[in-house]
Protein chains: 4
Amino acid sequence: MNSNIHNRFNSVRNLTSSLAEKMQPEDSVVQTDMDVSPPKWHLAHTTWFFENFILKKYVRNYKPYHASFDYLFNSYYQSQGTREQRNRRGYHPRPLLHEVMEYRLAIEKEMNDLLTANNPDEQFITLTELGIQHEQQHQELLITDLKNIWSRSPLFPSFNITYETLNKATEARWLPVDEGLFETGYSGNAFHYDNEALRHKIFLDGFEISSQPVTTGEYLEFIKDGGYQQWKYWLHEGWDWVVTNNIKAPLYWDKIDDSWYIYTLSGFRKIDENEILTHISFYEAEAFARWRGFRLPTEHEWEVAATLYGKNDTSFNFLDQGKFHPTGVDVGNTAFLGQVWEWTNSSYLPYPGFKPWGGDVGEYNGKFMVNQMVLRGGSCATPQDHIRVSYRNFFHPHLRWQFTGVRLAKNLDE
Amino acid sequence: MNSNIHNRFNSVRNLTSSLAEKMQPEDSVVQTDMDVSPPKWHLAHTTWFFENFILKKYVRNYKPYHASFDYLFNSYYQSQGTREQRNRRGYHPRPLLHEVMEYRLAIEKEMNDLLTANNPDEQFITLTELGIQHEQQHQELLITDLKNIWSRSPLFPSFNITYETLNKATEARWLPVDEGLFETGYSGNAFHYDNEALRHKIFLDGFEISSQPVTTGEYLEFIKDGGYQQWKYWLHEGWDWVVTNNIKAPLYWDKIDDSWYIYTLSGFRKIDENEILTHISFYEAEAFARWRGFRLPTEHEWEVAATLYGKNDTSFNFLDQGKFHPTGVDVGNTAFLGQVWEWTNSSYLPYPGFKPWGGDVGEYNGKFMVNQMVLRGGSCATPQDHIRVSYRNFFHPHLRWQFTGVRLAKNLDE
Amino acid sequence: MNSNIHNRFNSVRNLTSSLAEKMQPEDSVVQTDMDVSPPKWHLAHTTWFFENFILKKYVRNYKPYHASFDYLFNSYYQSQGTREQRNRRGYHPRPLLHEVMEYRLAIEKEMNDLLTANNPDEQFITLTELGIQHEQQHQELLITDLKNIWSRSPLFPSFNITYETLNKATEARWLPVDEGLFETGYSGNAFHYDNEALRHKIFLDGFEISSQPVTTGEYLEFIKDGGYQQWKYWLHEGWDWVVTNNIKAPLYWDKIDDSWYIYTLSGFRKIDENEILTHISFYEAEAFARWRGFRLPTEHEWEVAATLYGKNDTSFNFLDQGKFHPTGVDVGNTAFLGQVWEWTNSSYLPYPGFKPWGGDVGEYNGKFMVNQMVLRGGSCATPQDHIRVSYRNFFHPHLRWQFTGVRLAKNLDE
Amino acid sequence: MNSNIHNRFNSVRNLTSSLAEKMQPEDSVVQTDMDVSPPKWHLAHTTWFFENFILKKYVRNYKPYHASFDYLFNSYYQSQGTREQRNRRGYHPRPLLHEVMEYRLAIEKEMNDLLTANNPDEQFITLTELGIQHEQQHQELLITDLKNIWSRSPLFPSFNITYETLNKATEARWLPVDEGLFETGYSGNAFHYDNEALRHKIFLDGFEISSQPVTTGEYLEFIKDGGYQQWKYWLHEGWDWVVTNNIKAPLYWDKIDDSWYIYTLSGFRKIDENEILTHISFYEAEAFARWRGFRLPTEHEWEVAATLYGKNDTSFNFLDQGKFHPTGVDVGNTAFLGQVWEWTNSSYLPYPGFKPWGGDVGEYNGKFMVNQMVLRGGSCATPQDHIRVSYRNFFHPHLRWQFTGVRLAKNLDE
């Protein structure tokens, strides 16, 4: 049978296990926010995904691993029955972390049996591929959620990573794109999400886009110039968010004696101005762009530019590199993938002719298409083989706990 | 000086006054929701708009009418200083209704003095035109807000309007549009909002759009089929909204002994299946379309189709007709303007090259461009000379107190 | 028949009407807080009380005045069916103020018919007396609620009352009471609430109580000494309340250029240090007492002392005097009634052998006996013939919109 | 030095450690409610109490164990600086459980050094005694909090305890007390809380009190009779609580196929009608008493009766017995201590002449004297040597996660 997918299944699962080893049982239980799940929950939910959508269908007379796991580890699949409320995932010490790891092994064994069997079923392969991609998404969430949990502690737990001072950031260049009729959306035969299709024509006015994301140093200028104190840079709802939550800096920043510090997965330290900026909301990205006199790109502009200019071989920073934080922009590259998810000024809406996947996994993407903004490019916590230029991520505009950043754009004639 | 705008100023102001005569002092004070302002507030706010943005600038040594009116009647203009919180507009019995009407007359007198003077200033004319258009927007809000207030009363106050039974609704037809490169956005030299510009090219795949909005009878089928009880028709946030608020029908509907009734400005009565459906949220519009196997149009599709097919002379229903409720679709017309605001599947975002107006009125439209959906076409409470095909209205997806409705669309090949 | 109660019925009703004349239709509609009802609601609710509990029973074939008034004007009587939510009383412009006054007249006419009839029924007289007392309670609330509504306005509406500067406040004296067995609770044959009975024995340790309530000037010392900034003076929940609500002074106080101003029903003016302090919460009363090194009296101590020392003939300030604000303590009297309701350190709980009234009015008092504190003595907005030393008022400890104040106590040997 | 207190220190600390062994690291982290703290927090907070209030004072040049533990493990002592918000105690995986146990050992070692030293300081002994008593309070909370956490899990974790069916409950008898002047409050020379003093005279009308707490079977009659569906049995705030929270039974009860089940620390099982009722709010206790035609005792009545009638030697059920759940009332005893905390109808208020302890521990009890009700008697999770008849526990009236129950009372002549 398809040995490629078999290998990928095991290597992705093993990577998750290695991430799980970075935490203690106590770490795995905590939920600090509606959007932040306990790390243990990710380990179980990704496993439940294989069990529920594949084993229940492909293993004859399958007996569920545990009667309560549908309830505990279903995320949002209405078709799969009742489930624990999202904001109560942190109420559950049980099953214990080692019991979850045993659950993982048991399901992996069943999956391996199926993957080594003859007579591959095309839908089985499709669902397995989806389960692998799904697990990769949760690898990123496991990292960002654990970071959020640890960030609340005055003890600042961290991974055993050495932070290295960065070279001076290169100056950004404007990359021009002339007006014209383009195509965006996934084209090809490999795995892709339903929300990336169909490939379709789009007319774009001429524009320019920055060769690199904004750095911490550039953003510091915005702060110093009173960016968080002046309503005129902000969308109405953004300003409400700033005032209501008393926002004064990106998430995980802290000011001590006039110096800005940042909590990262390598510890708590001074900010580095040469580093790519991260952990900002859409509101902050949008306000920063206005302050600079520019704007955010649309997701279509981003995709067209990334296709034309993206050189991702020269400098990458994905989950695979194990840095878990953006680095600098010190090599003059024009990478569009990795480092930080880049907020676009596009709402998450269906492409022309969009059709959600059929079956139970139809709830995967389509039902979230309102009130969220599109982000592009993947981050330092995204597996490298999971991302592509047509990939559409989406979050509510106030959220900051992902590795989010910003790349500027402007009209061609300005 | 420009006698046209002078006449329009007075006729629009007079229309507002005639609307004000439909209510009692007690009616004018109440606020039932964050989004619903007291009718008295609208009467004062529109007046403050002229006083604040025009009289303060164009009347030499202008002395404000009252020291507290900036605080009480500024809506959301950060540049104009502190103001009462939006959800506290209903805390203010003072100034009394008749005092507000005196305020109106005093400001009108000052405006008339300026409008009859020589040496028209172009910016003065522009701001006056904006003030007139602004007042027309609030005429609609005054009607919808008063309706919302009255709807809470078991006494069901209403206007002195006779409701007439409608003819049987005509069957909707599909109006086809082939794929191609189109232009949308305002083109012309008359007044238009900043958010309708710039006119720009847009590529559209082929689609079909309904010749008429959905009727109450068609929506009743959705209800009877359990539309509000089945998650599968709804966006994730839409379903949350249904469950959290226990939504079972459009706003102002009430079920008594197995029959549906509706509160309208002509009183409380049985629904009429031939009537155009109104008072639904974006979530309901979107769910209904999915249930029917179709979808909502984008705002671009709507504008292109309205330009191609719109015949607005045969059957109109605007504020001017004084019906204050949608009528039927009984003449086979293809009107796109009037009756109900039609939810589109487009988020309210800037057009390419969008620039907010300069000066203090720059806060008018641009700062709201996040988390809202675009509606098109105007309603039975919109002044006829206020609306046009390029007009972009916008509300949060859960709101229903405006005269909102839905028109279906589908891909060309389906 | 009983001409005394007949006269009192009409004089109390007339007093309410004269209070209603102090406001405009717009004033009568507004609700600014869960605990603050629209003045119009008080006018209707007190009328509904007579209609619902008396006319429905004593008028043969009684036809209710309006089918919806039970719903609109029932306060909290579960036995009398569904009713509008308390926090939505301000959603109702209808019936209009003049319609409510017509309702009042119609019910008064029916009541007068009954009151002039022969054959008085003892329960009828009891219920009528209760209706009169109930109306007196709402006379006070009508005043305090209207004050709260007007206080929100930068226009500061007020009654046509001239404020006169007060004489220098007299120094308070300690009034001693030796330990012993006392009796508290109502004794007599006149009207009294069920919660004042039964008269019962109580043992009190010796104590001293102040001859007068605390003045504004004395409280100002607490503010100047940082009373609102130091947790040590406050109960745990009091401190939470201070911090959460950013409390810095009594309700209706405002600091302008280092001077304290107060909104009163005679207008907005500087505070007068010789005036009796009012509009404080239990938390503030309790914290002030601790700061001074003393404590609040219990309700039993208060009643015993008021019985022993109360000389209420020399200086009174009730609703009848029409001042609607506390005056000074300039005559060295030891009045315990009038001026301000005095917070005690007693929770509102049943007296030994307490039995709620039978029938529908059994919900009047007893069901509120948890989480509230007792206040004693009546205020400048209490009708003089409504109050007595055994009268128990009760409010939640954070509430301040009544004319509340504080009188100090201490143990005898301190 | 005082070997008694030295032994007690170590035995109480050891008991806590043995309780800690009943849980896994994951269990120790979770917080399910504002009032429920993570078990790990209790282990650390009780240790911090000794470190902060004793070691910092009595160990020369004491170096705090960890710079962040003041912040993490201070509960509510304003005098001891800033601390984590109470509802965020569950955000902290760190320090890990084993690190907390190491912290415990380190502080115990320091305490043992002090306890074996010569020259005992009286205040040192007083504070150590308080620390021991404080730890005993948290032993009970550790049990009730762990139970609450586990109760949320469909896996229903439990202790390894065998549940034994109970004998038929004995019929309750009325124990009479004639009217008279009594004394309540602590009398003696042993440890007691400041809130139990001073001993003072109190006059009581004659009353009768039940010989035993209410059983599950008796309460079941209330449920079957529609007790939760009829407002007339409830205090106004109690009924609001029932309706808002959709309360239908005591906490931890669940109805399956017409049978009531209960979650206990020995597992999930059918209720036992002979068992003493537990996990009810004050509102439920009060409503049940009214339904039965009786009332709750005051705390004074309870204390007087417990002194007269309490025979606690025949049947006890404290933490020491390790049952962690109330048992039956099968031996006709008149025990007042153990089994369940009994709600009284007394608010938690100061006794005459109450003075909080001096110094930093002055915040221990006094500042909570508002809006809470007194409970008496201790429970199956209270250490036996921690409780006495004068002991005053206090909770907000809606809380149910403690082992709370109810004992009926009535007036003597009814």
# chains A, B, ... in the order shown; residues from 1 in each chain; ligands from 1
>>> closest_atom_pairs(of="chain C", to="chain D", cutoff="9 Å", atoms="only C-alpha atoms", output="Markdown table")
| residue | atom | partner | partner_atom | distance |
| --- | --- | --- | --- | --- |
| C:Tyr76 | CA | D:His236 | CA | 8.9 |
| C:Gln78 | CA | D:Trp231 | CA | 7.2 |
| C:Ser79 | CA | D:Lys232 | CA | 8.4 |
| C:Leu181 | CA | D:Phe203 | CA | 7.9 |
| C:His200 | CA | D:Asp205 | CA | 8.2 |
| C:Lys201 | CA | D:Phe203 | CA | 6.7 |
| C:Ile202 | CA | D:Phe203 | CA | 5.6 |
| C:Phe203 | CA | D:Phe203 | CA | 5.5 |
| C:Leu204 | CA | D:Ile202 | CA | 7.9 |
| C:Asp205 | CA | D:Pro352 | CA | 7.1 |
| C:Trp231 | CA | D:Gln78 | CA | 7.2 |
| C:Lys232 | CA | D:Gln78 | CA | 8.1 |
| C:Trp234 | CA | D:Lys367 | CA | 7.2 |
| C:Leu235 | CA | D:Lys367 | CA | 4.5 |
| C:His236 | CA | D:Lys367 | CA | 5.2 |
| C:Glu237 | CA | D:Phe368 | CA | 7.3 |
| C:Gly238 | CA | D:Val370 | CA | 9.0 |
| C:Asn345 | CA | D:Leu349 | CA | 7.8 |
| C:Ser346 | CA | D:Leu349 | CA | 7.7 |
| C:Ser347 | CA | D:Ser347 | CA | 6.4 |
| C:Tyr348 | CA | D:Ser347 | CA | 8.8 |
| C:Leu349 | CA | D:Ser346 | CA | 7.7 |
| C:Pro350 | CA | D:Asn345 | CA | 8.8 |
| C:Pro352 | CA | D:Asp205 | CA | 7.1 |
| C:Gly353 | CA | D:Asn411 | CA | 6.8 |
| C:Glu363 | CA | D:Lys232 | CA | 8.6 |
| C:Gly366 | CA | D:Leu235 | CA | 7.8 |
| C:Lys367 | CA | D:Leu235 | CA | 4.5 |
| C:Phe368 | CA | D:His236 | CA | 5.8 |
| C:Met369 | CA | D:Leu235 | CA | 7.2 |
| C:Val370 | CA | D:Leu235 | CA | 7.7 |
| C:Asn371 | CA | D:Asn371 | CA | 4.9 |
| C:Gln372 | CA | D:Asn371 | CA | 7.3 |
| C:Met373 | CA | D:Asn371 | CA | 8.8 |
| C:His396 | CA | D:Asn371 | CA | 8.9 |
| C:Pro397 | CA | D:Val370 | CA | 8.4 |
| C:Lys410 | CA | D:Gly353 | CA | 8.9 |
| C:Asn411 | CA | D:Gly353 | CA | 6.8 |
>>> residues_around(residues="D:Pro157", least_positions_apart="2", cutoff="12 Å", atoms="only C-alpha atoms", output="list in words")
His92, Pro93, Arg94, Pro95 and Leu96 of chain A; Lys22, Met23, Gln24, Asp27, Leu146, Lys147, Asn148, Ile149, Trp150, Ser151, Arg152, Ser153, Pro154, Leu155, Phe159, Asn160, Ile161, Tyr263, Thr264, Leu265, Ser266, Gly267 and Phe268 of chain D
>>> write_last_selection(atoms="N, CA and C atoms", output="mmCIF file, in the first residue's frame")
data_model
loop_
_atom_site.group_PDB
_atom_site.id
_atom_site.type_symbol
_atom_site.label_atom_id
_atom_site.label_comp_id
_atom_site.auth_asym_id
_atom_site.auth_seq_id
_atom_site.Cartn_x
_atom_site.Cartn_y
_atom_site.Cartn_z
ATOM 1 N N HIS A 92 -10.414 19.211 33.093
ATOM 2 C CA HIS A 92 -10.277 17.757 33.056
ATOM 3 C C HIS A 92 -8.863 17.238 33.296
ATOM 4 N N PRO A 93 -8.577 16.865 34.538
ATOM 5 C CA PRO A 93 -7.277 16.224 34.789
ATOM 6 C C PRO A 93 -7.211 14.815 34.186
ATOM 7 N N ARG A 94 -8.369 14.211 33.993
ATOM 8 C CA ARG A 94 -8.403 12.838 33.493
ATOM 9 C C ARG A 94 -8.959 12.779 32.081
ATOM 10 N N PRO A 95 -8.499 11.876 31.211
ATOM 11 C CA PRO A 95 -7.413 10.930 31.445
ATOM 12 C C PRO A 95 -6.090 11.667 31.672
ATOM 13 N N LEU A 96 -5.223 11.019 32.448
ATOM 14 C CA LEU A 96 -3.904 11.573 32.754
ATOM 15 C C LEU A 96 -3.052 11.633 31.479
ATOM 16 N N LYS D 22 -3.314 11.039 47.435
ATOM 17 C CA LYS D 22 -4.507 10.489 46.796
ATOM 18 C C LYS D 22 -4.725 11.038 45.384
ATOM 19 N N MET D 23 -3.894 11.945 44.966
ATOM 20 C CA MET D 23 -4.123 12.539 43.631
ATOM 21 C C MET D 23 -2.879 12.459 42.760
ATOM 22 N N GLN D 24 -3.119 12.685 41.481
ATOM 23 C CA GLN D 24 -2.051 12.685 40.496
ATOM 24 C C GLN D 24 -1.664 14.128 40.183
ATOM 25 N N ASP D 27 -4.333 16.186 38.550
ATOM 26 C CA ASP D 27 -5.457 16.568 39.412
ATOM 27 C C ASP D 27 -5.164 17.841 40.194
ATOM 28 N N LEU D 146 -11.037 18.968 45.384
ATOM 29 C CA LEU D 146 -10.710 17.818 44.538
ATOM 30 C C LEU D 146 -11.990 17.108 44.095
ATOM 31 N N LYS D 147 -12.939 16.983 45.014
ATOM 32 C CA LYS D 147 -14.223 16.360 44.666
ATOM 33 C C LYS D 147 -14.927 17.150 43.564
ATOM 34 N N ASN D 148 -14.911 18.458 43.687
ATOM 35 C CA ASN D 148 -15.580 19.267 42.669
ATOM 36 C C ASN D 148 -14.923 19.096 41.308
ATOM 37 N N ILE D 149 -13.600 19.046 41.300
ATOM 38 C CA ILE D 149 -12.874 18.885 40.039
ATOM 39 C C ILE D 149 -13.220 17.539 39.416
ATOM 40 N N TRP D 150 -13.136 16.489 40.213
ATOM 41 C CA TRP D 150 -13.406 15.150 39.687
ATOM 42 C C TRP D 150 -14.868 14.989 39.246
ATOM 43 N N SER D 151 -15.753 15.725 39.911
ATOM 44 C CA SER D 151 -17.181 15.581 39.587
ATOM 45 C C SER D 151 -17.499 16.024 38.161
ATOM 46 N N ARG D 152 -16.612 16.830 37.575
ATOM 47 C CA ARG D 152 -16.859 17.324 36.217
ATOM 48 C C ARG D 152 -16.502 16.291 35.153
ATOM 49 N N SER D 153 -15.853 15.234 35.568
ATOM 50 C CA SER D 153 -15.338 14.269 34.600
ATOM 51 C C SER D 153 -16.310 13.119 34.379
ATOM 52 N N PRO D 154 -16.551 12.763 33.121
ATOM 53 C CA PRO D 154 -17.365 11.560 32.868
ATOM 54 C C PRO D 154 -16.663 10.284 33.333
ATOM 55 N N LEU D 155 -15.392 10.392 33.697
ATOM 56 C CA LEU D 155 -14.657 9.218 34.187
ATOM 57 C C LEU D 155 -14.848 9.029 35.694
ATOM 58 N N PHE D 159 -11.742 7.998 45.371
ATOM 59 C CA PHE D 159 -10.808 7.367 46.296
ATOM 60 C C PHE D 159 -11.139 5.877 46.340
ATOM 61 N N ASN D 160 -10.231 5.141 46.867
ATOM 62 C CA ASN D 160 -10.434 3.695 46.978
ATOM 63 C C ASN D 160 -11.181 3.403 48.284
ATOM 64 N N ILE D 161 -12.473 3.739 48.293
ATOM 65 C CA ILE D 161 -13.301 3.572 49.491
ATOM 66 C C ILE D 161 -14.473 2.689 49.122
ATOM 67 N N TYR D 263 -22.692 11.674 42.768
ATOM 68 C CA TYR D 263 -21.254 11.468 42.700
ATOM 69 C C TYR D 263 -20.669 11.694 44.088
ATOM 70 N N THR D 264 -19.938 10.710 44.570
ATOM 71 C CA THR D 264 -19.257 10.829 45.866
ATOM 72 C C THR D 264 -17.790 10.462 45.683
ATOM 73 N N LEU D 265 -17.016 10.644 46.734
ATOM 74 C CA LEU D 265 -15.586 10.306 46.630
ATOM 75 C C LEU D 265 -15.347 8.797 46.660
ATOM 76 N N SER D 266 -16.430 8.025 46.820
ATOM 77 C CA SER D 266 -16.290 6.572 46.600
ATOM 78 C C SER D 266 -16.879 6.183 45.250
ATOM 79 N N GLY D 267 -17.234 7.147 44.437
ATOM 80 C CA GLY D 267 -17.713 6.858 43.086
ATOM 81 C C GLY D 267 -19.124 7.350 42.829
ATOM 82 N N PHE D 268 -19.630 7.035 41.663
ATOM 83 C CA PHE D 268 -20.956 7.460 41.201
ATOM 84 C C PHE D 268 -21.910 6.314 41.467
#
>>> residues_around(residues="C:Arg290", least_positions_apart="2", cutoff="10 Å", atoms="only C-alpha atoms", output="ChimeraX atom specification")
/C:232-235,284-288,292-296,408
>>> select_by_dssp(residues="stretch 276-368 of chain C", states="strand (DSSP E)", output="ChimeraX atom specification")
/C:341-347
>>> write_last_selection(atoms="all heavy atoms", output="PDB file, in the first residue's frame")
ATOM      1  N   TRP C 341     -31.808  57.734  56.118  1.00  0.00           N
ATOM      2  CA  TRP C 341     -31.879  56.349  56.569  1.00  0.00           C
ATOM      3  C   TRP C 341     -30.507  55.962  57.101  1.00  0.00           C
ATOM      4  O   TRP C 341     -29.509  56.139  56.407  1.00  0.00           O
ATOM      5  CB  TRP C 341     -32.238  55.427  55.403  1.00  0.00           C
ATOM      6  CG  TRP C 341     -33.663  55.529  54.963  1.00  0.00           C
ATOM      7  CD1 TRP C 341     -34.141  56.186  53.876  1.00  0.00           C
ATOM      8  CD2 TRP C 341     -34.788  54.925  55.605  1.00  0.00           C
ATOM      9  NE1 TRP C 341     -35.504  56.044  53.797  1.00  0.00           N
ATOM     10  CE2 TRP C 341     -35.925  55.269  54.840  1.00  0.00           C
ATOM     11  CE3 TRP C 341     -34.957  54.137  56.748  1.00  0.00           C
ATOM     12  CZ2 TRP C 341     -37.216  54.852  55.182  1.00  0.00           C
ATOM     13  CZ3 TRP C 341     -36.234  53.717  57.078  1.00  0.00           C
ATOM     14  CH2 TRP C 341     -37.345  54.075  56.307  1.00  0.00           C
ATOM     15  N   GLU C 342     -30.473  55.390  58.272  1.00  0.00           N
ATOM     16  CA  GLU C 342     -29.193  55.098  58.909  1.00  0.00           C
ATOM     17  C   GLU C 342     -28.875  53.615  58.805  1.00  0.00           C
ATOM     18  O   GLU C 342     -29.626  52.764  59.294  1.00  0.00           O
ATOM     19  CB  GLU C 342     -29.242  55.563  60.372  1.00  0.00           C
ATOM     20  CG  GLU C 342     -29.537  57.072  60.449  1.00  0.00           C
ATOM     21  CD  GLU C 342     -29.701  57.603  61.864  1.00  0.00           C
ATOM     22  OE1 GLU C 342     -29.353  56.880  62.819  1.00  0.00           O
ATOM     23  OE2 GLU C 342     -30.182  58.746  62.008  1.00  0.00           O
ATOM     24  N   TRP C 343     -27.759  53.320  58.143  1.00  0.00           N
ATOM     25  CA  TRP C 343     -27.314  51.931  58.013  1.00  0.00           C
ATOM     26  C   TRP C 343     -27.032  51.349  59.398  1.00  0.00           C
ATOM     27  O   TRP C 343     -26.352  51.987  60.207  1.00  0.00           O
ATOM     28  CB  TRP C 343     -26.021  51.847  57.210  1.00  0.00           C
ATOM     29  CG  TRP C 343     -26.135  52.061  55.740  1.00  0.00           C
ATOM     30  CD1 TRP C 343     -25.709  53.152  55.047  1.00  0.00           C
ATOM     31  CD2 TRP C 343     -26.671  51.157  54.763  1.00  0.00           C
ATOM     32  NE1 TRP C 343     -25.949  52.992  53.704  1.00  0.00           N
ATOM     33  CE2 TRP C 343     -26.538  51.778  53.504  1.00  0.00           C
ATOM     34  CE3 TRP C 343     -27.250  49.889  54.818  1.00  0.00           C
ATOM     35  CZ2 TRP C 343     -26.964  51.177  52.316  1.00  0.00           C
ATOM     36  CZ3 TRP C 343     -27.678  49.295  53.647  1.00  0.00           C
ATOM     37  CH2 TRP C 343     -27.536  49.926  52.409  1.00  0.00           C
ATOM     38  N   THR C 344     -27.508  50.167  59.664  1.00  0.00           N
ATOM     39  CA  THR C 344     -27.109  49.463  60.880  1.00  0.00           C
ATOM     40  C   THR C 344     -26.233  48.278  60.497  1.00  0.00           C
ATOM     41  O   THR C 344     -26.151  47.913  59.320  1.00  0.00           O
ATOM     42  CB  THR C 344     -28.321  48.930  61.653  1.00  0.00           C
ATOM     43  OG1 THR C 344     -28.871  47.812  60.943  1.00  0.00           O
ATOM     44  CG2 THR C 344     -29.379  50.013  61.834  1.00  0.00           C
ATOM     45  N   ASN C 345     -25.602  47.695  61.476  1.00  0.00           N
ATOM     46  CA  ASN C 345     -24.796  46.497  61.208  1.00  0.00           C
ATOM     47  C   ASN C 345     -25.624  45.218  61.390  1.00  0.00           C
ATOM     48  O   ASN C 345     -25.094  44.166  61.720  1.00  0.00           O
ATOM     49  CB  ASN C 345     -23.562  46.461  62.107  1.00  0.00           C
ATOM     50  CG  ASN C 345     -22.444  45.663  61.464  1.00  0.00           C
ATOM     51  OD1 ASN C 345     -22.270  45.714  60.249  1.00  0.00           O
ATOM     52  ND2 ASN C 345     -21.697  44.904  62.250  1.00  0.00           N
ATOM     53  N   SER C 346     -26.929  45.318  61.170  1.00  0.00           N
ATOM     54  CA  SER C 346     -27.786  44.137  61.269  1.00  0.00           C
ATOM     55  C   SER C 346     -28.252  43.706  59.892  1.00  0.00           C
ATOM     56  O   SER C 346     -28.680  44.531  59.088  1.00  0.00           O
ATOM     57  CB  SER C 346     -29.017  44.446  62.129  1.00  0.00           C
ATOM     58  OG  SER C 346     -28.634  44.688  63.467  1.00  0.00           O
ATOM     59  N   SER C 347     -28.171  42.409  59.667  1.00  0.00           N
ATOM     60  CA  SER C 347     -28.742  41.850  58.443  1.00  0.00           C
ATOM     61  C   SER C 347     -30.248  41.807  58.585  1.00  0.00           C
ATOM     62  O   SER C 347     -30.786  41.689  59.685  1.00  0.00           O
ATOM     63  CB  SER C 347     -28.203  40.441  58.216  1.00  0.00           C
ATOM     64  OG  SER C 347     -26.833  40.500  57.936  1.00  0.00           O
TER      65      SER C 347
END
>>> select_by_dssp(residues="stretch 104-254 of chain B", states="alpha helix (DSSP H)", output="ChimeraX atom specification")
/B:104-116,122-151,216-224,236-245
>>> closest_residue(among="C:Asp194, C:Asp254, C:Asp360, C:Glu51", to="C:Lys109", atoms="only C-alpha atoms")
C:Glu51
>>> residues_around(residues="C:Glu301", least_positions_apart="5", cutoff="9 Å", atoms="only C-alpha atoms", output="PDB file with N, CA and C atoms, in the first residue's frame")
ATOM      1  N   VAL C 177     -26.310  53.742  76.903  1.00  0.00           N
ATOM      2  CA  VAL C 177     -27.353  52.770  77.253  1.00  0.00           C
ATOM      3  C   VAL C 177     -26.680  51.633  78.013  1.00  0.00           C
ATOM      4  N   LEU C 204     -28.931  43.292  75.455  1.00  0.00           N
ATOM      5  CA  LEU C 204     -27.894  44.132  74.857  1.00  0.00           C
ATOM      6  C   LEU C 204     -26.788  44.418  75.864  1.00  0.00           C
ATOM      7  N   PHE C 207     -23.813  50.138  75.584  1.00  0.00           N
ATOM      8  CA  PHE C 207     -23.244  50.809  74.406  1.00  0.00           C
ATOM      9  C   PHE C 207     -23.534  52.300  74.485  1.00  0.00           C
ATOM     10  N   GLU C 208     -22.889  53.022  73.601  1.00  0.00           N
ATOM     11  CA  GLU C 208     -23.185  54.435  73.431  1.00  0.00           C
ATOM     12  C   GLU C 208     -23.456  54.682  71.957  1.00  0.00           C
ATOM     13  N   ILE C 209     -24.348  55.605  71.697  1.00  0.00           N
ATOM     14  CA  ILE C 209     -24.701  55.913  70.314  1.00  0.00           C
ATOM     15  C   ILE C 209     -24.664  57.423  70.138  1.00  0.00           C
ATOM     16  N   ALA C 306     -33.303  55.019  70.188  1.00  0.00           N
ATOM     17  CA  ALA C 306     -34.284  55.944  69.620  1.00  0.00           C
ATOM     18  C   ALA C 306     -35.500  56.053  70.531  1.00  0.00           C
ATOM     19  N   ALA C 409     -21.699  54.293  66.714  1.00  0.00           N
ATOM     20  CA  ALA C 409     -21.915  53.696  68.031  1.00  0.00           C
ATOM     21  C   ALA C 409     -20.592  53.148  68.549  1.00  0.00           C
TER      22      ALA C 409
END
>>> atom_distance(atom1="atom CA of A:Gln133", atom2="atom CA of A:Gly378")
13.5 Å
>>> residues_around(residues="C:Leu142", least_positions_apart="3", cutoff="9 Å", atoms="only C-alpha atoms", output="list in words")
Thr16, Leu19, Ala20, Val36, Ser37, Pro38, Pro39, Lys40, Trp41, His42, Leu43, Gln137, His138, Gln139, Asp145, Leu146 and Lys147 of chain C
